[in-house]
file upload_16.txt (compact mmCIF, C-alpha atoms)
# COMPACT_ATOMS: atom_id res chain seq x y z
CA MET A 192 4.96 21.27 13.75
CA ILE A 193 2.37 19.08 15.50
CA LYS A 194 1.19 17.89 12.06
CA ILE A 195 4.73 16.80 11.18
CA LEU A 196 5.23 15.01 14.51
CA ILE A 197 1.93 13.12 14.11
CA ALA A 198 2.92 12.12 10.58
CA ILE A 199 6.37 10.89 11.70
CA PHE A 200 4.81 8.94 14.58
CA MET A 201 2.32 7.22 12.22
CA PHE A 202 5.06 6.38 9.69
CA LEU A 203 7.19 4.86 12.45
CA PHE A 204 4.14 2.95 13.67
CA LEU A 205 3.94 1.20 10.27
CA ILE A 206 7.64 0.35 10.52
CA LEU A 207 7.11 -0.94 14.07
CA ILE A 208 4.30 -3.27 12.94
CA HIS A 209 6.41 -4.55 10.04
CA GLU A 210 9.50 -5.26 12.15
CA PHE A 211 7.39 -6.74 14.95
CA GLY A 212 6.13 -9.32 12.46
CA HIS A 213 9.72 -10.46 11.82
CA PHE A 214 10.53 -10.24 15.54
CA ILE A 215 7.65 -12.30 16.94
CA VAL A 216 7.94 -15.12 14.38
CA ALA A 217 11.73 -15.22 14.83
CA LYS A 218 11.25 -15.60 18.59
CA LEU A 219 8.58 -18.28 18.11
CA SER A 220 10.90 -20.11 15.70
CA GLY A 221 13.80 -20.03 18.17
CA ILE A 222 15.89 -17.65 16.06
CA LYS A 223 18.12 -15.33 18.11
CA VAL A 224 17.30 -11.62 17.71
CA ASN A 225 20.24 -9.36 18.54
CA GLU A 226 18.48 -6.01 18.14
CA PHE A 227 15.00 -4.64 17.49
CA ALA A 228 15.32 -1.06 16.25
CA ILE A 229 12.91 1.65 15.15
CA GLY A 230 14.57 4.36 13.09
CA MET A 231 18.08 4.41 11.67
CA GLY A 232 21.37 6.07 12.60
CA PRO A 233 22.57 6.90 16.12
CA ALA A 234 20.63 5.42 19.03
CA ILE A 235 18.75 7.89 21.24
CA PHE A 236 17.32 5.24 23.55
CA THR A 237 18.35 1.64 24.23
CA LYS A 238 17.24 -1.09 26.62
CA GLN A 239 18.74 -4.54 26.89
CA LYS A 240 16.23 -7.23 27.77
CA GLY A 241 17.51 -10.77 27.71
CA GLU A 242 19.46 -11.45 24.52
CA THR A 243 17.82 -8.59 22.57
CA LEU A 244 18.73 -4.89 22.52
CA TYR A 245 15.69 -2.65 21.94
CA SER A 246 16.54 0.75 20.45
CA LEU A 247 15.00 3.95 19.16
CA ARG A 248 17.22 5.68 16.61
CA ALA A 249 17.55 9.27 15.48
CA ILE A 250 16.56 9.09 11.79
CA PRO A 251 12.83 8.20 11.36
CA MET A 252 13.30 6.48 7.99
CA GLY A 253 13.04 2.79 8.79
CA GLY A 254 13.93 0.14 11.32
CA TYR A 255 15.24 -3.38 11.55
CA CYS A 256 15.06 -6.70 13.35
CA ALA A 257 18.70 -7.84 13.44
CA MET A 258 18.78 -11.63 13.65
CA GLU A 259 21.95 -13.55 14.43
CA GLY A 260 23.52 -14.84 11.20
CA GLU A 261 20.99 -13.14 8.92
CA ASP A 262 23.52 -11.19 6.87
CA ASP A 263 26.81 -12.77 7.92
CA GLU A 264 28.30 -16.11 8.95
CA SER A 265 27.49 -17.41 12.45
CA ASN A 266 28.19 -20.64 14.30
CA ASP A 267 25.38 -19.98 16.79
CA PRO A 268 22.93 -22.92 16.63
CA ARG A 269 20.06 -20.40 16.98
CA SER A 270 21.22 -18.20 14.09
CA TYR A 271 18.91 -17.35 11.20
CA ASP A 272 21.34 -19.03 8.83
CA ARG A 273 20.99 -22.37 10.66
CA ALA A 274 17.20 -22.24 11.00
CA ARG A 275 14.93 -24.57 9.00
CA PRO A 276 14.04 -23.08 5.58
CA ILE A 277 10.32 -22.98 6.45
CA ASN A 278 11.11 -20.99 9.61
CA LYS A 279 13.24 -18.55 7.61
CA PHE A 280 10.44 -18.17 5.09
CA LEU A 281 7.74 -17.54 7.71
CA THR A 282 9.96 -15.13 9.68
CA ILE A 283 10.63 -12.96 6.62
CA LEU A 284 7.06 -13.24 5.31
CA ALA A 285 5.63 -12.09 8.67
CA GLY A 286 6.76 -8.47 8.18
CA PRO A 287 4.83 -7.76 4.96
CA VAL A 288 1.87 -9.85 6.16
CA MET A 289 1.59 -7.72 9.31
CA ASN A 290 1.41 -4.59 7.14
CA LEU A 291 -1.34 -6.10 4.99
CA LEU A 292 -3.30 -7.24 8.06
CA LEU A 293 -2.92 -3.78 9.61
CA ALA A 294 -4.21 -2.22 6.38
CA SER A 295 -7.27 -4.51 6.46
CA ILE A 296 -7.99 -3.48 10.07
CA ILE A 297 -7.59 0.21 9.20
CA PHE A 298 -9.90 -0.08 6.18
CA PHE A 299 -12.40 -1.97 8.39
CA ILE A 300 -12.41 0.97 10.85
CA VAL A 301 -12.79 3.49 8.02
CA GLY A 302 -15.63 1.47 6.46
CA LEU A 303 -17.44 1.17 9.76
CA ASN A 304 -17.28 4.94 10.26
CA THR A 305 -17.77 6.28 6.74
CA GLY A 306 -19.99 3.60 5.17
CA ILE A 307 -19.73 1.68 1.89
CA THR A 308 -20.16 2.81 -1.68
CA THR A 309 -23.38 2.53 -3.67
CA THR A 310 -24.00 3.01 -7.38
CA SER A 311 -25.67 6.39 -6.69
CA ILE A 312 -23.87 9.72 -7.09
CA GLY A 313 -23.02 11.40 -3.79
CA ASN A 314 -20.94 14.26 -5.17
CA PHE A 315 -19.00 15.53 -8.18
CA THR A 316 -15.31 16.33 -8.50
CA ASP A 317 -14.17 19.77 -9.72
CA ASN A 318 -14.98 20.39 -13.41
CA SER A 319 -16.81 17.07 -13.55
CA PRO A 320 -17.72 15.97 -17.12
CA ALA A 321 -20.71 14.08 -15.67
CA LYS A 322 -22.08 17.20 -13.98
CA GLU A 323 -21.54 19.26 -17.14
CA ALA A 324 -23.49 16.62 -19.09
CA GLY A 325 -26.50 17.10 -16.79
CA MET A 326 -26.21 14.31 -14.23
CA GLU A 327 -27.29 15.15 -10.67
CA VAL A 328 -26.47 14.12 -7.11
CA GLY A 329 -28.71 11.15 -6.23
CA ASP A 330 -28.76 9.71 -9.76
CA GLU A 331 -28.24 5.95 -9.68
CA ILE A 332 -25.83 4.77 -12.38
CA ILE A 333 -27.34 1.62 -13.85
CA GLU A 334 -25.38 1.17 -17.10
CA VAL A 335 -22.07 2.31 -18.59
CA ASN A 336 -21.48 1.52 -22.27
CA HIS A 337 -24.54 -0.82 -22.20
CA THR A 338 -23.00 -2.82 -19.32
CA LYS A 339 -25.07 -3.19 -16.14
CA ILE A 340 -23.39 -1.73 -13.04
CA GLU A 341 -23.44 -3.89 -9.90
CA ASN A 342 -21.03 -1.85 -7.76
CA PHE A 343 -19.31 1.53 -7.92
CA PRO A 344 -15.73 0.34 -8.72
CA GLU A 345 -17.07 -1.31 -11.91
CA ILE A 346 -17.67 2.17 -13.35
CA SER A 347 -13.96 3.00 -13.41
CA GLN A 348 -13.06 -0.46 -14.74
CA ILE A 349 -15.53 -0.23 -17.65
CA VAL A 350 -14.58 3.34 -18.54
CA ASN A 351 -10.84 2.61 -18.56
CA GLU A 352 -11.35 -0.58 -20.57
CA TYR A 353 -13.50 1.31 -23.10
CA TYR A 354 -10.81 3.94 -23.71
CA LYS A 355 -7.91 1.51 -24.10
CA ASP A 356 -8.22 1.75 -27.88
CA LYS A 357 -10.42 4.86 -28.24
CA ASP A 358 -9.69 8.57 -28.25
CA ILE A 359 -10.64 10.44 -25.08
CA SER A 360 -12.67 12.92 -27.16
CA GLU A 361 -15.21 10.20 -28.00
CA PRO A 362 -18.22 10.17 -25.63
CA ILE A 363 -19.29 7.13 -23.61
CA GLU A 364 -22.95 6.35 -22.91
CA VAL A 365 -24.09 6.34 -19.28
CA LYS A 366 -27.62 5.43 -18.19
CA VAL A 367 -28.97 6.56 -14.81
CA TYR A 368 -32.16 6.27 -12.81
CA ARG A 369 -33.41 9.61 -11.40
CA GLU A 370 -35.65 8.98 -8.42
CA SER A 371 -36.95 12.57 -8.26
CA SER A 372 -38.64 12.17 -11.65
CA ASN A 373 -38.94 8.36 -11.59
CA GLU A 374 -37.29 7.94 -14.99
CA GLU A 375 -34.24 6.47 -16.68
CA MET A 376 -32.02 8.95 -18.51
CA THR A 377 -29.10 8.49 -20.88
CA PHE A 378 -26.07 10.82 -21.12
CA ASP A 379 -23.16 10.94 -23.55
CA ILE A 380 -20.12 11.93 -21.49
CA LYS A 381 -16.65 12.94 -22.65
CA PRO A 382 -14.42 11.94 -19.71
CA GLN A 383 -11.10 13.31 -18.46
CA LYS A 384 -7.75 11.54 -18.32
CA GLU A 385 -5.09 12.01 -15.65
CA ASN A 386 -1.99 9.88 -14.90
CA GLY A 387 -3.30 7.18 -17.21
CA ASN A 388 -6.71 6.98 -15.49
CA VAL A 389 -9.95 7.85 -17.31
CA PHE A 390 -12.86 9.19 -15.26
CA PHE A 391 -15.96 11.35 -15.55
CA GLY A 392 -15.85 12.95 -12.12
CA VAL A 393 -18.42 11.29 -9.86
CA GLU A 394 -18.14 10.23 -6.22
CA SER A 395 -20.26 7.49 -4.70
CA LYS A 396 -23.06 8.07 -2.24
CA LEU A 397 -22.25 6.14 0.91
CA ARG A 398 -24.52 4.05 3.13
CA LYS A 399 -23.88 2.78 6.65
CA ALA A 400 -22.01 -0.53 6.78
CA SER A 401 -22.77 -3.37 9.17
CA PHE A 402 -19.95 -4.85 11.28
CA PHE A 403 -19.49 -7.84 8.96
CA GLU A 404 -19.80 -5.71 5.82
CA ALA A 405 -17.00 -3.53 7.21
CA ILE A 406 -14.80 -6.60 7.81
CA LYS A 407 -15.36 -7.71 4.22
CA LEU A 408 -14.73 -4.17 3.00
CA GLY A 409 -11.39 -4.10 4.88
CA PHE A 410 -10.09 -7.12 2.97
CA ILE A 411 -11.58 -5.96 -0.35
CA GLU A 412 -10.01 -2.51 -0.01
CA THR A 413 -6.64 -4.08 0.81
CA GLY A 414 -6.94 -6.25 -2.31
CA LYS A 415 -7.87 -3.24 -4.46
CA ASN A 416 -4.85 -1.31 -3.21
CA ILE A 417 -2.55 -4.27 -3.88
CA ALA A 418 -3.87 -4.42 -7.45
CA LEU A 419 -3.43 -0.65 -7.80
CA ILE A 420 0.24 -0.88 -6.77
CA PHE A 421 0.93 -3.47 -9.48
CA ILE A 422 -0.89 -1.31 -12.03
CA ILE A 423 1.33 1.64 -11.06
CA LEU A 424 4.46 -0.54 -11.24
CA GLY A 425 3.41 -1.66 -14.72
CA ARG A 426 2.96 1.95 -15.82
CA LEU A 427 6.37 2.83 -14.41
CA PHE A 428 7.97 0.12 -16.56
CA THR A 429 6.08 1.22 -19.68
CA GLY A 430 6.88 4.90 -19.06
CA GLU A 431 3.25 5.99 -18.59
CA ILE A 432 4.23 7.26 -15.13
CA ALA A 433 7.58 8.97 -14.51
CA VAL A 434 9.85 7.88 -11.64
CA SER A 435 9.66 11.51 -10.45
CA ALA A 436 6.02 10.83 -9.50
CA LEU A 437 7.18 8.47 -6.73
CA SER A 438 7.47 9.61 -3.11
CA GLY A 439 10.00 8.59 -0.47
CA PRO A 440 9.75 8.76 3.33
CA VAL A 441 9.79 12.58 3.27
CA GLY A 442 6.93 12.70 0.77
CA VAL A 443 4.95 10.11 2.73
CA VAL A 444 5.33 12.08 5.97
CA LYS A 445 4.31 15.27 4.16
CA GLU A 446 1.19 13.62 2.72
CA LEU A 447 0.29 12.07 6.09
CA GLY A 448 0.39 15.59 7.50
CA ASN A 449 -1.84 16.86 4.69
CA GLN A 450 -4.34 14.05 5.22
CA ALA A 451 -4.44 14.85 8.94
CA GLN A 452 -5.98 18.22 7.99
CA ASN A 453 -8.75 16.43 6.06
CA GLY A 454 -9.98 14.55 9.12
CA LEU A 455 -9.27 11.32 10.97
CA MET A 456 -10.86 8.99 8.39
CA SER A 457 -8.86 10.49 5.51
CA LEU A 458 -5.70 10.13 7.55
CA LEU A 459 -6.49 6.53 8.48
CA TYR A 460 -7.30 5.58 4.88
CA PHE A 461 -4.00 7.00 3.65
CA LEU A 462 -2.21 5.20 6.49
CA GLY A 463 -3.81 1.95 5.31
CA TYR A 464 -2.71 2.70 1.74
CA ILE A 465 0.89 3.29 2.86
CA SER A 466 0.78 0.09 4.94
CA VAL A 467 -0.25 -1.86 1.81
CA ASN A 468 2.58 -0.18 -0.12
CA LEU A 469 5.10 -1.12 2.55
CA GLY A 470 3.90 -4.72 2.59
CA VAL A 471 3.82 -5.20 -1.19
CA PHE A 472 7.07 -3.32 -1.85
CA ASN A 473 8.92 -5.56 0.60
CA LEU A 474 7.58 -8.67 -1.13
CA LEU A 475 9.26 -7.70 -4.42
CA PRO A 476 12.25 -9.98 -5.17
CA ILE A 477 14.76 -7.13 -5.03
CA PRO A 478 18.08 -7.57 -3.17
CA ALA A 479 18.00 -6.00 0.33
CA LEU A 480 14.20 -6.39 0.50
CA ASP A 481 12.25 -9.20 2.16
CA GLY A 482 11.26 -10.59 -1.23
CA SER A 483 14.83 -11.63 -2.10
CA LYS A 484 15.16 -13.55 1.18
CA LEU A 485 11.83 -15.26 0.53
CA VAL A 486 13.19 -16.41 -2.84
CA SER A 487 16.32 -17.76 -1.10
CA SER A 488 14.18 -19.64 1.41
CA ILE A 489 11.99 -21.13 -1.32
CA TYR A 490 15.10 -22.22 -3.24
CA GLU A 491 16.46 -23.90 -0.09
CA MET A 492 13.11 -25.63 0.59
CA ILE A 493 12.95 -26.99 -2.97
CA THR A 494 16.60 -28.00 -3.48
CA GLY A 495 17.73 -28.63 0.09
CA LYS A 496 20.77 -26.44 -0.67
CA ARG A 497 21.64 -23.01 0.64
CA ILE A 498 22.51 -20.13 -1.68
CA ASN A 499 26.19 -19.20 -1.41
CA LYS A 500 26.33 -16.89 1.62
CA LYS A 501 29.15 -14.67 0.35
CA LEU A 502 27.45 -14.21 -3.02
CA GLU A 503 24.17 -13.42 -1.29
CA GLU A 504 25.93 -10.85 0.92
CA LYS A 505 27.50 -9.10 -2.10
CA VAL A 506 24.21 -9.01 -4.01
CA THR A 507 22.40 -7.68 -0.91
CA ILE A 508 25.00 -4.92 -0.42
CA VAL A 509 24.70 -3.82 -4.06
CA GLY A 510 20.90 -3.88 -3.82
CA PHE A 511 20.98 -1.95 -0.54
CA VAL A 512 23.27 0.75 -1.96
CA LEU A 513 21.07 1.16 -5.05
CA LEU A 514 17.91 1.22 -2.94
CA ILE A 515 19.29 3.82 -0.52
CA GLY A 516 20.52 5.86 -3.48
CA LEU A 517 17.04 5.84 -5.01
CA ILE A 518 15.44 6.77 -1.67
CA ILE A 519 17.91 9.66 -1.24
CA LEU A 520 17.23 10.99 -4.77
CA ILE A 521 13.46 10.77 -4.29
CA SER A 522 13.75 12.34 -0.83
CA ILE A 523 15.77 15.25 -2.27
CA LYS A 524 12.97 15.77 -4.79
CA ASP A 525 10.39 15.60 -1.96
CA ILE A 526 12.36 18.12 0.15
CA ILE A 527 12.65 20.55 -2.76
CA SER A 528 8.87 20.31 -3.30
CA LEU A 529 8.35 21.47 0.30
CA PHE A 530 9.60 24.94 -0.56
call {"tool": "encode", "arguments": {"input": "upload_16.txt", "output": "structure tokens"}}
result
Amino acid sequence: MIKILIAIFMFLFLILIHEFGHFIVAKLSGIKVNEFAIGMGPAIFTKQKGETLYSLRAIPMGGYCAMEGEDDESNDPRSYDRARPINKFLTILAGPVMNLLLASIIFFIVGLNTGITTTSIGNFTDNSPAKEAGMEVGDEIIEVNHTKIENFPEISQIVNEYYKDKDISEPIEVKVYRESSNEEMTFDIKPQKENGNVFFGVESKLRKASFFEAIKLGFIETGKNIALIFIILGRLFTGEIAVSALSGPVGVVKELGNQAQNGLMSLLYFLGYISVNLGVFNLLPIPALDGSKLVSSIYEMITGKRINKKLEEKVTIVGFVLLIGLIILISIKDIISLF
């Protein structure tokens, strides 16, 4: 039970950061905020402060920053609809940006505590093809397919590129330096493939990171996770990954709970990953998401004309219904998987 409560709290924390981004930029831009809510559904706590109602709601599946005139007509001079296009753009952009900044901070903390990767092997995964081929912990990987390795992520990139047009049963050549015997050794490894990814089952040996290395690592890790999300989206469109592999809020909370059992750093890393997902997903130009409003703002900045409000409302409602429907279907799947 405690595990579930911690997971729900952390999920709501990500929502809070996202909505706070909208909230603070709206306030700075002079846009009237009617309500700042965490959660959905019936309110379990409310507090009116100035013009804004602050609320905590019963269903921990989202939140919102309700700005005057954002989704309907308003004659209020401080409404979102009457704000300058650049202010609209920055207000909407602030939510996803806050999630990406939070992810960078989280990855910085993780890097500072766990260290950074090297090109040496720190461990093997279960049934590792590399271990079966004779490689050992401590071996430094210096070449993969005759390509010199500068950093650990390059290994995965080279292996996956190599097997784009080759059968997985074909071996790939890996050269290592073994310090214990002071010699270079070459292995022919037949890797494994899972969810479209090719790997030969090695984990990097970590070394302690300096403060500034950890800062750099935070931004690099955020960038890597952004790229990973677009790779996954691409595989969803091509059918390499089934929609059933996606997780909704229930699945995210479940996995947060699982990661909590693996230690604080595992939990924090997964939290950073979810924060990146939340930021990137909201930037997609899908009706009812931040991305569609960013497109509207850009259109208004370029043309000087507003998109028809009634048309925008209808498109947003349709998008919202479809989005909620998808979340419900995925959540049903996640709930079934709990039992």
call {"tool": "atom_distance", "arguments": {"input": "upload_16.txt", "atom1": "atom CA of A:Thr316", "atom2": "atom CA of A:Val393"}}
result
6.1 Å
call {"tool": "residues_near_point", "arguments": {"input": "upload_16.txt", "point": "(17.9, 6.6, 23.1)", "cutoff": "9 Å", "atoms": "only C-alpha atoms", "output": "NGL selection string"}}
result
:A and (233-238 or 246-249)
call {"tool": "residues_near_point", "arguments": {"input": "upload_16.txt", "point": "(-23.0, 10.5, 0.3)", "cutoff": "12 Å", "atoms": "all atoms listed in the file", "output": "mmCIF file with C-alpha atoms, keeping the file's coordinate frame"}}
result
data_model
loop_
_atom_site.group_PDB
_atom_site.id
_atom_site.type_symbol
_atom_site.label_atom_id
_atom_site.label_comp_id
_atom_site.auth_asym_id
_atom_site.auth_seq_id
_atom_site.Cartn_x
_atom_site.Cartn_y
_atom_site.Cartn_z
ATOM 1 C CA THR A 305 -17.770 6.280 6.740
ATOM 2 C CA GLY A 306 -19.990 3.600 5.170
ATOM 3 C CA ILE A 307 -19.730 1.680 1.890
ATOM 4 C CA THR A 308 -20.160 2.810 -1.680
ATOM 5 C CA THR A 309 -23.380 2.530 -3.670
ATOM 6 C CA THR A 310 -24.000 3.010 -7.380
ATOM 7 C CA SER A 311 -25.670 6.390 -6.690
ATOM 8 C CA ILE A 312 -23.870 9.720 -7.090
ATOM 9 C CA GLY A 313 -23.020 11.400 -3.790
ATOM 10 C CA ASN A 314 -20.940 14.260 -5.170
ATOM 11 C CA PHE A 315 -19.000 15.530 -8.180
ATOM 12 C CA VAL A 328 -26.470 14.120 -7.110
ATOM 13 C CA GLY A 329 -28.710 11.150 -6.230
ATOM 14 C CA ASP A 330 -28.760 9.710 -9.760
ATOM 15 C CA VAL A 393 -18.420 11.290 -9.860
ATOM 16 C CA GLU A 394 -18.140 10.230 -6.220
ATOM 17 C CA SER A 395 -20.260 7.490 -4.700
ATOM 18 C CA LYS A 396 -23.060 8.070 -2.240
ATOM 19 C CA LEU A 397 -22.250 6.140 0.910
ATOM 20 C CA ARG A 398 -24.520 4.050 3.130
ATOM 21 C CA LYS A 399 -23.880 2.780 6.650
#
call {"tool": "closest_residue", "arguments": {"input": "upload_16.txt", "among": "A:Ala217, A:Leu424, A:Ala321, A:Ile359", "to": "A:Thr377", "atoms": "all atoms listed in the file"}}
result
A:Ala321
call {"tool": "closest_residue", "arguments": {"input": "upload_16.txt", "among": "A:Asp481, A:Glu412, A:Glu341, A:Glu261", "to": "A:Ala294", "atoms": "only C-alpha atoms"}}
result
A:Glu412
call {"tool": "closest_atom_pairs", "arguments": {"input": "upload_16.txt", "of": "stretch 196-230 of chain A", "to": "stretch 456-474 of chain A", "cutoff": "12 Å", "atoms": "only C-alpha atoms", "output": "CSV"}}
result
residue,atom,partner,partner_atom,distance
A:Ile197,CA,A:Leu458,CA,10.5
A:Ala198,CA,A:Leu458,CA,9.4
A:Ile199,CA,A:Leu462,CA,11.5
A:Phe200,CA,A:Leu462,CA,11.3
A:Met201,CA,A:Leu462,CA,7.6
A:Phe202,CA,A:Leu462,CA,8.0
A:Leu203,CA,A:Ser466,CA,11.0
A:Phe204,CA,A:Ser466,CA,9.8
A:Leu205,CA,A:Ser466,CA,6.3
A:Ile206,CA,A:Leu469,CA,8.5
A:Leu207,CA,A:Ser466,CA,11.2
A:Ile208,CA,A:Ser466,CA,9.4
A:His209,CA,A:Gly470,CA,7.9
A:Glu210,CA,A:Gly470,CA,11.1
A:Gly212,CA,A:Gly470,CA,11.1
call {"tool": "closest_residue", "arguments": {"input": "upload_16.txt", "among": "A:Gly241, A:Gly286, A:Gly230, A:Pro344", "to": "A:Lys415", "atoms": "all atoms listed in the file"}}
result
A:Pro344
call {"tool": "residues_around", "arguments": {"input": "upload_16.txt", "residues": "A:Ile489", "least_positions_apart": "5", "cutoff": "10 Å", "atoms": "only C-alpha atoms", "output": "VMD selection string"}}
result
chain A and resid 276 to 277 279 to 280 483 to 484 494 to 495
call {"tool": "atom_distance", "arguments": {"input": "upload_16.txt", "atom1": "atom CA of A:Lys381", "atom2": "atom CA of A:Asn318"}}
result
12.0 Å
call {"tool": "atom_distance", "arguments": {"input": "upload_16.txt", "atom1": "atom CA of A:Ser319", "atom2": "atom CA of A:Ile333"}}
result
18.7 Å
call {"tool": "closest_residue", "arguments": {"input": "upload_16.txt", "among": "A:Ser295, A:Ser372, A:Gln348, A:Gln383", "to": "A:Ile411", "atoms": "only C-alpha atoms"}}
result
A:Ser295
call {"tool": "build_atoms", "arguments": {"input": "upload_16.txt", "residues": "stretch 227-240 of chain A", "atoms": "N, CA and C atoms", "output": "compact mmCIF listing (two decimals), in the coordinates of the input"}}
result
# COMPACT_ATOMS: atom_id res chain seq x y z
N PHE A 227 16.26 -5.07 18.08
CA PHE A 227 15.00 -4.64 17.49
C PHE A 227 15.02 -3.12 17.51
N ALA A 228 15.13 -2.51 16.33
CA ALA A 228 15.32 -1.06 16.25
C ALA A 228 14.24 -0.38 15.43
N ILE A 229 13.80 0.78 15.91
CA ILE A 229 12.91 1.65 15.15
C ILE A 229 13.69 2.91 14.84
N GLY A 230 13.74 3.25 13.54
CA GLY A 230 14.57 4.36 13.09
C GLY A 230 15.94 3.85 12.68
N MET A 231 16.73 4.75 12.10
CA MET A 231 18.08 4.41 11.67
C MET A 231 19.06 5.41 12.28
N GLY A 232 20.36 5.13 12.13
CA GLY A 232 21.37 6.07 12.60
C GLY A 232 21.67 5.91 14.08
N PRO A 233 22.17 6.98 14.71
CA PRO A 233 22.57 6.90 16.12
C PRO A 233 21.40 6.58 17.04
N ALA A 234 21.66 5.78 18.07
CA ALA A 234 20.63 5.42 19.03
C ALA A 234 20.37 6.58 20.00
N ILE A 235 19.10 6.87 20.25
CA ILE A 235 18.75 7.89 21.24
C ILE A 235 18.14 7.25 22.49
N PHE A 236 17.81 5.98 22.39
CA PHE A 236 17.32 5.24 23.55
C PHE A 236 17.58 3.75 23.33
N THR A 237 18.12 3.08 24.33
CA THR A 237 18.35 1.64 24.23
C THR A 237 17.97 0.95 25.54
N LYS A 238 17.55 -0.28 25.43
CA LYS A 238 17.24 -1.09 26.62
C LYS A 238 17.54 -2.54 26.30
N GLN A 239 18.41 -3.13 27.07
CA GLN A 239 18.74 -4.54 26.89
C GLN A 239 17.78 -5.39 27.71
N LYS A 240 17.12 -6.32 27.07
CA LYS A 240 16.23 -7.23 27.77
C LYS A 240 16.51 -8.64 27.26
